[in-house]
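What's in entry.cif: mmCIF, C-alpha atoms and all ligand atoms
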```
data_query
#
loop_
_atom_site.group_PDB
_atom_site.id
_atom_site.type_symbol
_atom_site.label_atom_id
_atom_site.label_comp_id
_atom_site.auth_asym_id
_atom_site.auth_seq_id
_atom_site.Cartn_x
_atom_site.Cartn_y
_atom_site.Cartn_z
ATOM 1 C CA MET A 1 87.636 76.692 125.585
ATOM 2 C CA LYS A 2 89.142 78.512 122.632
ATOM 3 C CA CYS A 3 92.723 79.737 122.596
ATOM 4 C CA ALA A 4 94.472 81.444 119.706
ATOM 5 C CA THR A 5 97.448 83.612 118.902
ATOM 6 C CA VAL A 6 96.352 86.488 116.696
ATOM 7 C CA SER A 7 98.946 88.575 114.828
ATOM 8 C CA ILE A 8 97.895 92.109 114.036
ATOM 9 C CA ILE A 9 99.267 93.422 110.763
ATOM 10 C CA GLY A 10 98.674 96.492 108.606
ATOM 11 C CA ARG A 11 100.168 99.701 107.279
ATOM 12 C CA PRO A 12 101.690 102.263 109.656
ATOM 13 C CA SER A 13 99.046 104.347 111.486
ATOM 14 C CA ALA A 14 96.168 102.034 110.529
ATOM 15 C CA GLY A 15 95.326 101.901 114.237
ATOM 16 C CA LYS A 16 96.713 98.463 115.128
ATOM 17 C CA SER A 17 97.953 99.428 118.580
ATOM 18 C CA THR A 18 94.830 101.446 119.403
ATOM 19 C CA LEU A 19 92.752 98.413 118.443
ATOM 20 C CA LEU A 20 94.922 96.073 120.519
ATOM 21 C CA ASN A 21 94.455 98.291 123.581
ATOM 22 C CA ALA A 22 90.698 98.484 123.005
ATOM 23 C CA LEU A 23 90.412 94.704 122.624
ATOM 24 C CA CYS A 24 92.503 93.998 125.730
ATOM 25 C CA LYS A 25 90.837 96.795 127.717
ATOM 26 C CA ALA A 26 94.286 97.956 128.842
ATOM 27 C CA LYS A 27 97.093 100.176 127.675
ATOM 28 C CA VAL A 28 99.411 97.522 126.286
ATOM 29 C CA SER A 29 101.005 99.197 123.281
ATOM 30 C CA ILE A 30 101.840 102.867 122.733
ATOM 31 C CA THR A 31 100.083 104.923 120.041
ATOM 32 C CA ALA A 32 100.773 108.171 118.150
ATOM 33 C CA PRO A 33 99.602 110.043 115.065
ATOM 34 C CA SER A 34 103.020 109.636 113.405
ATOM 35 C CA PRO A 35 103.709 106.410 111.471
ATOM 36 C CA GLN A 36 105.958 103.583 112.721
ATOM 37 C CA THR A 37 105.311 104.070 116.394
ATOM 38 C CA THR A 38 105.381 100.372 117.247
ATOM 39 C CA ARG A 39 108.861 98.872 116.900
ATOM 40 C CA ASN A 40 108.527 95.465 118.530
ATOM 41 C CA SER A 41 106.080 92.627 118.559
ATOM 42 C CA ILE A 42 103.994 93.315 121.635
ATOM 43 C CA ARG A 43 101.670 90.829 123.245
ATOM 44 C CA GLY A 44 98.295 91.772 124.649
ATOM 45 C CA ILE A 45 96.225 89.039 126.259
ATOM 46 C CA LEU A 46 92.438 88.930 126.484
ATOM 47 C CA THR A 47 90.864 86.271 128.685
ATOM 48 C CA GLU A 48 87.093 85.849 128.717
ATOM 49 C CA GLU A 49 84.574 83.091 129.269
ATOM 50 C CA ALA A 50 84.747 82.195 125.590
ATOM 51 C CA GLY A 51 88.501 81.707 125.712
ATOM 52 C CA GLN A 52 91.864 83.403 125.494
ATOM 53 C CA LEU A 53 93.097 85.497 122.590
ATOM 54 C CA ILE A 54 96.784 86.378 122.552
ATOM 55 C CA PHE A 55 97.237 89.357 120.277
ATOM 56 C CA ILE A 56 100.632 90.265 118.841
ATOM 57 C CA ASP A 57 100.886 93.900 117.788
ATOM 58 C CA THR A 58 103.510 94.448 115.099
ATOM 59 C CA PRO A 59 105.308 97.406 113.491
ATOM 60 C CA GLY A 60 103.402 99.033 110.610
ATOM 61 C CA TYR A 61 104.197 97.415 107.301
ATOM 62 C CA HIS A 62 105.997 99.983 105.174
ATOM 63 C CA LEU A 63 108.108 99.260 102.114
ATOM 64 C CA SER A 64 111.441 101.062 102.311
ATOM 65 C CA GLU A 65 115.082 100.110 102.112
ATOM 66 C CA LYS A 66 116.169 101.877 105.307
ATOM 67 C CA VAL A 67 117.912 99.657 107.833
ATOM 68 C CA LEU A 68 115.491 100.415 110.676
ATOM 69 C CA ASN A 69 112.549 99.777 108.392
ATOM 70 C CA GLN A 70 113.895 96.465 107.164
ATOM 71 C CA ARG A 71 114.196 95.387 110.755
ATOM 72 C CA LEU A 72 110.592 96.467 111.461
ATOM 73 C CA ILE A 73 109.342 94.479 108.465
ATOM 74 C CA SER A 74 111.141 91.354 109.609
ATOM 75 C CA ILE A 75 109.604 91.712 113.113
ATOM 76 C CA ALA A 76 106.129 91.928 111.577
ATOM 77 C CA GLU A 77 106.739 88.978 109.282
ATOM 78 C CA SER A 78 108.174 86.677 111.897
ATOM 79 C CA SER A 79 105.196 87.255 114.189
ATOM 80 C CA LEU A 80 102.852 85.957 111.476
ATOM 81 C CA ALA A 81 104.591 82.617 111.420
ATOM 82 C CA GLU A 82 103.750 81.925 115.071
ATOM 83 C CA SER A 83 100.062 82.862 114.856
ATOM 84 C CA ASP A 84 96.861 80.866 114.428
ATOM 85 C CA ILE A 85 94.909 83.778 112.985
ATOM 86 C CA ILE A 86 95.836 87.068 111.339
ATOM 87 C CA LEU A 87 94.009 90.279 112.136
ATOM 88 C CA TYR A 88 94.626 92.638 109.249
ATOM 89 C CA VAL A 89 93.861 96.246 110.189
ATOM 90 C CA VAL A 90 93.068 98.560 107.286
ATOM 91 C CA ASP A 91 92.561 102.314 107.549
ATOM 92 C CA ALA A 92 89.149 102.688 105.880
ATOM 93 C CA LEU A 93 89.972 106.305 105.008
ATOM 94 C CA ARG A 94 92.973 105.547 102.857
ATOM 95 C CA PRO A 95 92.898 104.034 99.389
ATOM 96 C CA PRO A 96 94.852 100.755 99.179
ATOM 97 C CA GLY A 97 98.507 101.159 98.173
ATOM 98 C CA SER A 98 101.499 99.003 97.328
ATOM 99 C CA GLU A 99 101.756 97.973 100.999
ATOM 100 C CA GLU A 100 98.318 96.379 100.714
ATOM 101 C CA ASP A 101 99.524 94.276 97.781
ATOM 102 C CA ALA A 102 102.635 93.277 99.717
ATOM 103 C CA ILE A 103 100.539 92.295 102.752
ATOM 104 C CA LEU A 104 98.213 90.186 100.575
ATOM 105 C CA THR A 105 101.215 88.379 99.117
ATOM 106 C CA LEU A 106 102.465 87.764 102.631
ATOM 107 C CA LEU A 107 99.056 86.445 103.740
ATOM 108 C CA ARG A 108 99.111 83.962 100.891
ATOM 109 C CA SER A 109 102.572 82.745 101.813
ATOM 110 C CA VAL A 110 101.760 82.197 105.527
ATOM 111 C CA ASN A 111 98.360 80.726 104.663
ATOM 112 C CA ARG A 112 96.489 81.417 107.928
ATOM 113 C CA PRO A 113 92.835 82.392 108.293
ATOM 114 C CA CYS A 114 92.530 86.155 108.321
ATOM 115 C CA VAL A 115 90.018 88.639 109.679
ATOM 116 C CA VAL A 116 90.065 92.167 108.287
ATOM 117 C CA ALA A 117 89.173 95.099 110.533
ATOM 118 C CA ALA A 118 88.255 98.125 108.414
ATOM 119 C CA ASN A 119 89.180 100.679 111.065
ATOM 120 C CA LYS A 120 88.365 104.355 111.721
ATOM 121 C CA MET A 121 84.718 103.891 110.714
ATOM 122 C CA ASP A 122 83.907 106.761 113.107
ATOM 123 C CA LEU A 123 85.428 109.235 110.642
ATOM 124 C CA PRO A 124 83.460 110.773 107.783
ATOM 125 C CA GLY A 125 84.843 109.484 104.495
ATOM 126 C CA ALA A 126 85.683 106.028 105.860
ATOM 127 C CA SER A 127 84.584 103.426 103.332
ATOM 128 C CA TYR A 128 83.776 99.877 104.406
ATOM 129 C CA GLU A 129 82.752 99.037 100.841
ATOM 130 C CA GLY A 130 86.090 100.288 99.513
ATOM 131 C CA VAL A 131 87.944 97.888 101.808
ATOM 132 C CA ARG A 132 85.588 95.017 101.009
ATOM 133 C CA THR A 133 85.829 95.471 97.258
ATOM 134 C CA PHE A 134 89.591 95.379 97.421
ATOM 135 C CA LEU A 135 89.980 92.412 99.751
ATOM 136 C CA GLN A 136 86.971 90.128 99.434
ATOM 137 C CA HIS A 137 88.463 87.805 96.809
ATOM 138 C CA ASP A 138 91.422 86.695 98.882
ATOM 139 C CA PRO A 139 90.807 83.071 99.956
ATOM 140 C CA ASN A 140 92.512 83.512 103.361
ATOM 141 C CA ILE A 141 90.248 86.397 104.306
ATOM 142 C CA ARG A 142 87.236 84.942 106.122
ATOM 143 C CA HIS A 143 85.592 88.048 107.589
ATOM 144 C CA ILE A 144 85.685 91.763 106.798
ATOM 145 C CA LEU A 145 84.239 93.926 109.566
ATOM 146 C CA GLY A 146 83.903 97.657 110.083
ATOM 147 C CA VAL A 147 85.227 98.860 113.459
ATOM 148 C CA SER A 148 86.364 101.943 115.288
ATOM 149 C CA ALA A 149 89.230 101.315 117.679
ATOM 150 C CA MET A 150 88.748 104.859 118.948
ATOM 151 C CA ASP A 151 85.019 104.530 119.737
ATOM 152 C CA GLU A 152 85.386 100.843 120.528
ATOM 153 C CA SER A 153 82.544 100.010 118.161
ATOM 154 C CA GLY A 154 82.283 96.721 116.263
ATOM 155 C CA LEU A 155 84.616 94.999 118.725
ATOM 156 C CA GLU A 156 82.138 92.349 119.885
ATOM 157 C CA GLU A 157 81.548 91.226 116.280
ATOM 158 C CA LEU A 158 85.292 91.272 115.697
ATOM 159 C CA LYS A 159 85.980 89.064 118.726
ATOM 160 C CA GLU A 160 83.203 86.705 117.672
ATOM 161 C CA ALA A 161 84.815 86.321 114.241
ATOM 162 C CA LEU A 162 88.179 85.601 115.864
ATOM 163 C CA TYR A 163 86.739 83.021 118.267
ATOM 164 C CA SER A 164 84.975 81.303 115.355
ATOM 165 C CA LEU A 165 88.392 80.689 113.767
ATOM 166 C CA ALA A 166 90.232 79.857 117.009
ATOM 167 C CA PRO A 167 91.208 76.272 117.807
ATOM 168 C CA GLU A 168 90.127 74.574 121.036
ATOM 169 C CA GLY A 169 92.912 74.665 123.609
ATOM 170 C CA GLU A 170 94.056 75.435 127.126
ATOM 171 C CA MET A 171 94.922 78.976 128.212
ATOM 172 C CA LEU A 172 98.576 79.870 127.662
ATOM 173 C CA TYR A 173 98.633 82.692 130.233
ATOM 174 C CA PRO A 174 97.061 83.063 133.687
ATOM 175 C CA GLU A 175 93.761 84.944 133.644
ATOM 176 C CA GLU A 176 95.123 88.158 135.195
ATOM 177 C CA PHE A 177 97.886 88.627 132.583
ATOM 178 C CA TYR A 178 97.235 91.276 129.950
ATOM 179 C CA THR A 179 100.773 91.571 128.581
ATOM 180 C CA ASP A 180 104.157 89.877 128.925
ATOM 181 C CA GLN A 181 106.408 92.906 128.421
ATOM 182 C CA PRO A 182 109.251 93.292 130.939
ATOM 183 C CA PRO A 183 108.837 96.350 133.232
ATOM 184 C CA GLU A 184 111.895 98.142 131.859
ATOM 185 C CA PHE A 185 110.584 97.882 128.313
ATOM 186 C CA ARG A 186 107.184 99.208 129.326
ATOM 187 C CA VAL A 187 108.795 102.171 131.073
ATOM 188 C CA SER A 188 110.844 103.004 127.981
ATOM 189 C CA GLU A 189 107.786 102.741 125.742
ATOM 190 C CA ILE A 190 105.715 105.050 127.938
ATOM 191 C CA ILE A 191 108.478 107.667 127.814
ATOM 192 C CA ARG A 192 108.812 107.267 124.037
ATOM 193 C CA GLU A 193 105.062 107.713 123.641
ATOM 194 C CA LYS A 194 105.122 111.004 125.512
ATOM 195 C CA VAL A 195 108.026 112.205 123.345
ATOM 196 C CA VAL A 196 106.653 111.190 119.945
ATOM 197 C CA ASN A 197 103.248 112.704 120.670
ATOM 198 C CA ARG A 198 104.869 116.120 121.156
ATOM 199 C CA VAL A 199 106.962 116.247 117.998
ATOM 200 C CA THR A 200 106.391 115.936 114.267
ATOM 201 C CA GLN A 201 108.026 114.967 110.980
ATOM 202 C CA GLU A 202 111.331 113.105 111.275
ATOM 203 C CA LEU A 203 111.689 113.466 115.020
ATOM 204 C CA PRO A 204 109.527 110.514 116.140
ATOM 205 C CA HIS A 205 111.709 108.210 114.047
ATOM 206 C CA SER A 206 114.907 109.692 115.484
ATOM 207 C CA VAL A 207 114.062 108.857 119.095
ATOM 208 C CA TYR A 208 114.859 105.903 121.249
ATOM 209 C CA ILE A 209 114.860 105.573 125.023
ATOM 210 C CA ASP A 210 117.690 104.174 127.068
ATOM 211 C CA ILE A 211 116.868 103.213 130.647
ATOM 212 C CA ALA A 212 120.097 103.732 132.602
ATOM 213 C CA ASP A 213 118.747 102.244 135.820
ATOM 214 C CA MET A 214 115.693 101.475 137.897
ATOM 215 C CA GLU A 215 116.489 101.355 141.568
ATOM 216 C CA LEU A 216 114.360 100.830 144.648
ATOM 217 C CA ASP A 217 114.954 102.905 147.810
ATOM 218 C CA ASP A 218 116.160 101.034 150.912
ATOM 219 C CA ASP A 219 112.711 101.336 152.469
ATOM 220 C CA GLN A 220 111.114 99.837 149.331
ATOM 221 C CA GLN A 221 108.774 102.815 149.007
ATOM 222 C CA LYS A 222 110.223 104.719 146.109
ATOM 223 C CA MET A 223 111.687 103.733 142.762
ATOM 224 C CA TRP A 224 114.223 105.925 141.002
ATOM 225 C CA ILE A 225 114.249 105.636 137.235
ATOM 226 C CA ARG A 226 117.013 107.286 135.253
ATOM 227 C CA ALA A 227 116.486 107.390 131.508
ATOM 228 C CA PHE A 228 117.903 109.029 128.402
ATOM 229 C CA ILE A 229 115.917 110.267 125.452
ATOM 230 C CA ILE A 230 118.286 109.674 122.560
ATOM 231 C CA VAL A 231 117.987 111.729 119.370
ATOM 232 C CA GLU A 232 120.186 111.956 116.303
ATOM 233 C CA ARG A 233 121.050 115.643 116.098
ATOM 234 C CA GLU A 234 121.819 118.542 118.429
ATOM 235 C CA THR A 235 118.929 120.624 116.975
ATOM 236 C CA GLN A 236 116.515 117.901 118.039
ATOM 237 C CA VAL A 237 117.690 118.178 121.655
ATOM 238 C CA GLY A 238 116.452 121.770 121.767
ATOM 239 C CA ILE A 239 113.079 120.825 120.301
ATOM 240 C CA ILE A 240 112.519 118.203 122.968
ATOM 241 C CA VAL A 241 113.817 120.254 125.880
ATOM 242 C CA GLY A 242 111.669 123.235 124.832
ATOM 243 C CA LYS A 243 111.606 126.793 126.152
ATOM 244 C CA LYS A 244 113.180 126.900 129.629
ATOM 245 C CA GLY A 245 112.843 123.121 129.766
ATOM 246 C CA SER A 246 109.058 123.195 129.475
ATOM 247 C CA GLY A 247 108.986 120.376 126.898
ATOM 248 C CA ILE A 248 111.050 117.892 128.864
ATOM 249 C CA GLN A 249 109.230 118.804 132.082
ATOM 250 C CA GLU A 250 105.897 117.965 130.493
ATOM 251 C CA ILE A 251 107.245 114.661 129.153
ATOM 252 C CA ARG A 252 108.650 113.824 132.576
ATOM 253 C CA LYS A 253 105.418 114.647 134.366
ATOM 254 C CA THR A 254 103.063 112.720 132.066
ATOM 255 C CA ALA A 255 105.384 109.714 131.752
ATOM 256 C CA GLN A 256 105.969 109.549 135.511
ATOM 257 C CA LYS A 257 102.230 109.590 136.171
ATOM 258 C CA GLU A 258 101.606 106.712 133.795
ATOM 259 C CA ILE A 259 104.603 104.674 135.003
ATOM 260 C CA ALA A 260 103.323 105.058 138.565
ATOM 261 C CA LYS A 261 100.235 103.060 137.596
ATOM 262 C CA LEU A 262 102.425 100.046 136.836
ATOM 263 C CA PHE A 263 104.234 99.795 140.156
ATOM 264 C CA PRO A 264 103.283 99.725 143.829
ATOM 265 C CA TYR A 265 105.963 102.354 144.577
ATOM 266 C CA LYS A 266 106.258 106.087 144.352
ATOM 267 C CA ILE A 267 108.114 106.832 141.120
ATOM 268 C CA HIS A 268 110.798 109.426 140.598
ATOM 269 C CA LEU A 269 111.714 109.766 136.946
ATOM 270 C CA ASP A 270 114.947 111.488 135.972
ATOM 271 C CA LEU A 271 115.080 112.268 132.233
ATOM 272 C CA ARG A 272 117.953 113.592 130.102
ATOM 273 C CA VAL A 273 118.267 114.157 126.363
ATOM 274 C CA LYS A 274 121.360 113.032 124.527
ATOM 275 C CA THR A 275 122.468 112.672 120.902
ATOM 276 C CA GLN A 276 123.773 109.616 119.144
ATOM 277 C CA SER A 277 124.295 110.295 115.490
ATOM 278 C CA LYS A 278 122.908 107.852 112.917
ATOM 279 C CA TRP A 279 121.824 105.289 115.504
ATOM 280 C CA ARG A 280 119.215 104.017 113.069
ATOM 281 C CA ASN A 281 121.973 102.538 110.917
ATOM 282 C CA ASN A 282 123.631 100.797 113.842
ATOM 283 C CA THR A 283 122.692 97.175 113.272
ATOM 284 C CA LYS A 284 123.997 96.020 116.639
ATOM 285 C CA LEU A 285 121.958 98.612 118.526
ATOM 286 C CA LEU A 286 118.865 97.857 116.436
ATOM 287 C CA LYS A 287 119.195 94.201 117.319
ATOM 288 C CA ARG A 288 119.107 95.127 121.001
ATOM 289 C CA LEU A 289 116.218 97.592 120.675
ATOM 290 C CA ILE A 290 114.033 95.865 118.142
ATOM 291 C CA TYR A 291 113.490 92.184 118.680
HETATM 292 N N1 LIG B 1 89.421 108.524 114.401
HETATM 293 C C1 LIG B 1 90.079 107.402 114.667
HETATM 294 N N2 LIG B 1 91.404 107.442 114.884
HETATM 295 C C2 LIG B 1 92.043 106.278 115.166
HETATM 296 C C3 LIG B 1 91.361 105.045 115.233
HETATM 297 N N3 LIG B 1 92.262 104.092 115.516
HETATM 298 C C4 LIG B 1 93.456 104.713 115.627
HETATM 299 N N4 LIG B 1 93.326 106.032 115.415
HETATM 300 C C5 LIG B 1 94.399 107.058 115.434
HETATM 301 O O1 LIG B 1 95.335 106.743 114.424
HETATM 302 C C6 LIG B 1 96.668 107.072 114.839
HETATM 303 C C7 LIG B 1 97.568 105.860 114.724
HETATM 304 O O2 LIG B 1 97.150 104.895 115.667
HETATM 305 P P1 LIG B 1 98.103 103.712 116.152
HETATM 306 O O3 LIG B 1 97.250 102.788 116.936
HETATM 307 O O4 LIG B 1 99.332 104.255 116.775
HETATM 308 O O5 LIG B 1 98.445 103.069 114.725
HETATM 309 P P2 LIG B 1 99.386 101.808 114.412
HETATM 310 O O6 LIG B 1 98.739 101.068 113.280
HETATM 311 O O7 LIG B 1 99.667 101.031 115.629
HETATM 312 O O8 LIG B 1 100.677 102.548 113.877
HETATM 313 P P3 LIG B 1 102.230 102.015 113.822
HETATM 314 O O9 LIG B 1 102.583 101.435 115.147
HETATM 315 O O10 LIG B 1 102.976 103.249 113.537
HETATM 316 O O11 LIG B 1 102.254 101.039 112.711
HETATM 317 C C8 LIG B 1 96.548 107.598 116.275
HETATM 318 O O12 LIG B 1 96.531 108.993 116.213
HETATM 319 C C9 LIG B 1 95.211 107.034 116.730
HETATM 320 O O13 LIG B 1 94.582 107.833 117.712
HETATM 321 C C10 LIG B 1 89.939 105.038 115.002
HETATM 322 O O14 LIG B 1 89.247 104.023 115.039
HETATM 323 N N5 LIG B 1 89.362 106.246 114.715
HETATM 324 MG MG MG B 2 101.427 100.605 116.545
#
```
Turn this file's structure into structure tokens for me.
Ligand SMILES: Nc1nc2c(ncn2[C@@H]2O[C@H](COP(=O)(O)OP(=O)(O)OP(=O)(O)O)[C@@H](O)[C@H]2O)c(=O)[nH]1
Ligand SMILES: [Mg+2]
Amino acid sequence: MKCATVSIIGRPSAGKSTLLNALCKAKVSITAPSPQTTRNSIRGILTEEAGQLIFIDTPGYHLSEKVLNQRLISIAESSLAESDIILYVVDALRPPGSEEDAILTLLRSVNRPCVVAANKMDLPGASYEGVRTFLQHDPNIRHILGVSAMDESGLEELKEALYSLAPEGEMLYPEEFYTDQPPEFRVSEIIREKVVNRVTQELPHSVYIDIADMELDDDQQKMWIRAFIIVERETQVGIIVGKKGSGIQEIRKTAQKEIAKLFPYKIHLDLRVKTQSKWRNNTKLLKRLIY
């Protein structure tokens, strides 16, 4: 059978995480309209008759000198080194920018076979030809395919292209595995997703989630999860909490419902908002959060 590690790379908001979830037929990685949602390399595993594909979702590739961003770039780059194939996701609506040039340079330096997914083909204005014209001359790029991660169209052709480049090998994960993220991390990501989908502009970047504890009741029926939504400024606390607490209540409710799907227990989620100024410049904290 075929077995390959496939790193997913591309600009922020290209739809990498949405595509990963569609390919793995499971919610593995969180998604949001705001850029730089993914902050870690996240594995999603697809096992089929044809073989096993281990996808690694990475943070959107964005050129900027900010400390957090530098860390995100290094996460994306280091995942490429451990992959057999690269899946380069391009937003077919957007004209190529300097990030595209930087990604092409990176592809040349890692020298792995690459499949391009021209994503968002469901939207009017998406141009497959535009993507093809820009990328077809790169020697590492073996296939360029139009897909829609949202509609899940073009995925069979995409998987076929990936299998055609995959080496023969034994499965690395048991069949029933679809991700290898620790439970606490998944809980924090689900909460972060519910927060970042409710806010705009700078706020999504200013948020991180701290899980204080996850504790099972004596009768093993109920799990208590206490978590903090950390923001950078006092004004942001108010935005998240909302009128009479309506914002935080909604976040709590939707996150709790989704977390409950992961565990065989009843979940009680306790959420608080707290500030920690300039956490994004705290290298030690970033090392703990983003690895
Ligand atoms: N219409 C349409 N929207 C899509 C498609 N794929 C992703 N999106 C939307 O694009 C936005 C960004 O999607 P993500 O999957 O979070 O993008 P990403 O590349 O993982 O972004 P970062 O993690 O920030 O780098 C979300 O609002 C998605 O719903 C698609 O095929 N069609
Ligand atoms: Mg993402």
Open item on the list: Under the rule that only C-alpha atoms and all ligand atoms are counted, which of A:Thr5, A:Thr31, A:Ser98, A:Ser127 is the nearest residue to ligand MG 2 (chain B)?
Closed with: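 Ranked by minimum distance to ligand MG 2 (chain B), first place goes to A:Thr31.
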Give the padded box for ligand LIG 1 (chain B) as JSON: axis-aligned, covering all atoms listed in the file, 3 Å on each side, centre and edge lengths in Å to one decimal.
```
{"center_x": 96.1, "center_y": 105.0, "center_z": 115.2, "size_x": 19.7, "size_y": 14.0, "size_z": 11.0}
```
Open item on the list: Please determine, counting all atoms listed in the file, which residue among A:Cys24, A:Ile191, A:Ile9, A:Val199 has the shortest atom-to-atom distance to Ala102 in chain A.
Closed with: A:Ile9
Task: From A:Glu176, A:Glu184, A:Glu258, A:Glu193, residue lying nearest ligand LIG 1 (chain B) [all atoms listed in the file] - done: A:Glu193
Open item on the list: Please list as an MDAnalysis selection string every residue within 7 Å of Ile42 in chain A, counting only C-alpha atoms and excluding residues in the same chain fewer than 6 positions away.
Closed with: chainID A and resid 29 56:58
Selected residues, C-alpha atoms, written as a tab-separated table (two decimals), in the coordinates of the input, please.
```tsv
chain	number	residue	atom	x	y	z
A	29	SER	CA	101.00	99.20	123.28
A	56	ILE	CA	100.63	90.26	118.84
A	57	ASP	CA	100.89	93.90	117.79
A	58	THR	CA	103.51	94.45	115.10
```
TODO: Find the residues around Arg272 in chain A up to 8 Å (all atoms listed in the file counted), leave out those fewer than 5 positions away in its own chain, and share them as an MDAnalysis selection string.
DONE: chainID A and resid 227:229
Would you mind exporting the chosen residues as a PDB file, keeping the file's coordinate frame, restricted to C-alpha atoms?
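Ended up saving to again.pdb:
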```pdb
ATOM      1  CA  ALA A 227     116.486 107.390 131.508  1.00  0.00           C
ATOM      2  CA  PHE A 228     117.903 109.029 128.402  1.00  0.00           C
ATOM      3  CA  ILE A 229     115.917 110.267 125.452  1.00  0.00           C
TER       4      ILE A 229
END
```
TODO: Kindly work out which residues sit at most 6 Å from ligand LIG 1 (chain B), using all atoms listed in the file, and give the list as a PyMOL selection string.
DONE: chain A and resi 11-18+31-33+35-38+59-60+119-120+122-123+148-150
Within 6 Å of range 164-166 of chain A using only C-alpha atoms, minus same-chain residues under 3 positions, as a PDB file with C-alpha atoms, in the coordinates of the input:
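Saved as out30.pdb:
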```pdb
ATOM      1  CA  LYS A   2      89.142  78.512 122.632  1.00  0.00           C
ATOM      2  CA  ALA A   4      94.472  81.444 119.706  1.00  0.00           C
ATOM      3  CA  ALA A 161      84.815  86.321 114.241  1.00  0.00           C
TER       4      ALA A 161
END
```
Open item on the list: Give me the residues near Pro139 in chain A as a PyMOL selection string, where near means some atom within 9 Å (using all atoms listed in the file) and where sequence neighbours in that chain fewer than 2 positions away do not count.
Closed with: chain A and resi 108+113+136-137+141-142
Using only C-alpha atoms, please write the residues we just selected to a file, as a CSV table (one decimal), keeping the file's coordinate frame.
```csv
chain,number,residue,atom,x,y,z
A,108,ARG,CA,99.1,84.0,100.9
A,113,PRO,CA,92.8,82.4,108.3
A,136,GLN,CA,87.0,90.1,99.4
A,137,HIS,CA,88.5,87.8,96.8
A,141,ILE,CA,90.2,86.4,104.3
A,142,ARG,CA,87.2,84.9,106.1
```
Task: Residue with smallest distance to Ser109 in chain A - pool A:Ala81, A:Val231, A:Ile144, A:Leu23, counting all atoms listed in the file - done: A:Ala81
Open item on the list: One decimal, in Å: what's the spacing between CA of Asn111 in chain A and CA of Arg94 in chain A?
Closed with: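 Separation of CA of Asn111 in chain A and CA of Arg94 in chain A: 25.5 Å.
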Open item on the list: Can you spell out as a PyMOL selection string the set of residues that the PyMOL selection byres (((chain A and resi 201-208) around 6) and not hetatm) selects in the structure I just provided?
Closed with: chain A and resi 196+200+209+230-232
Counting all atoms listed in the file, what is within 12 Å of Gln249 in chain A, bar same-chain residues fewer than 4 positions away, as a PDB file with C-alpha atoms, in the frame of the given file?
```
ATOM      1  CA  ILE A 191     108.478 107.667 127.814  1.00  0.00           C
ATOM      2  CA  LYS A 194     105.122 111.004 125.512  1.00  0.00           C
ATOM      3  CA  VAL A 195     108.026 112.205 123.345  1.00  0.00           C
ATOM      4  CA  ILE A 240     112.519 118.203 122.968  1.00  0.00           C
ATOM      5  CA  VAL A 241     113.817 120.254 125.880  1.00  0.00           C
ATOM      6  CA  GLY A 242     111.669 123.235 124.832  1.00  0.00           C
ATOM      7  CA  LYS A 243     111.606 126.793 126.152  1.00  0.00           C
ATOM      8  CA  LYS A 244     113.180 126.900 129.629  1.00  0.00           C
ATOM      9  CA  GLY A 245     112.843 123.121 129.766  1.00  0.00           C
ATOM     10  CA  LYS A 253     105.418 114.647 134.366  1.00  0.00           C
ATOM     11  CA  THR A 254     103.063 112.720 132.066  1.00  0.00           C
ATOM     12  CA  ALA A 255     105.384 109.714 131.752  1.00  0.00           C
ATOM     13  CA  GLN A 256     105.969 109.549 135.511  1.00  0.00           C
ATOM     14  CA  LEU A 269     111.714 109.766 136.946  1.00  0.00           C
ATOM     15  CA  ASP A 270     114.947 111.488 135.972  1.00  0.00           C
ATOM     16  CA  LEU A 271     115.080 112.268 132.233  1.00  0.00           C
ATOM     17  CA  ARG A 272     117.953 113.592 130.102  1.00  0.00           C
ATOM     18  CA  VAL A 273     118.267 114.157 126.363  1.00  0.00           C
TER      19      VAL A 273
END
```
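Considering all atoms listed in the file, the residue among A:Ser7, A:Asn40, A:Thr105, A:Ser153 positioned nearest to ligand MG 2 (chain B) is A:Asn40.
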Task: Coordinates-based distance that separates CA of Asp217 in chain A from CA of Phe263 in chain A (Å, one decimal) - done: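 So the answer is 13.5 Å.
In this comparison, which uses all atoms listed in the file, the residue of A:Ala118, A:Ile54, A:Met223, A:Leu155 approaching Lys266 in chain A most closely is A:Met223.
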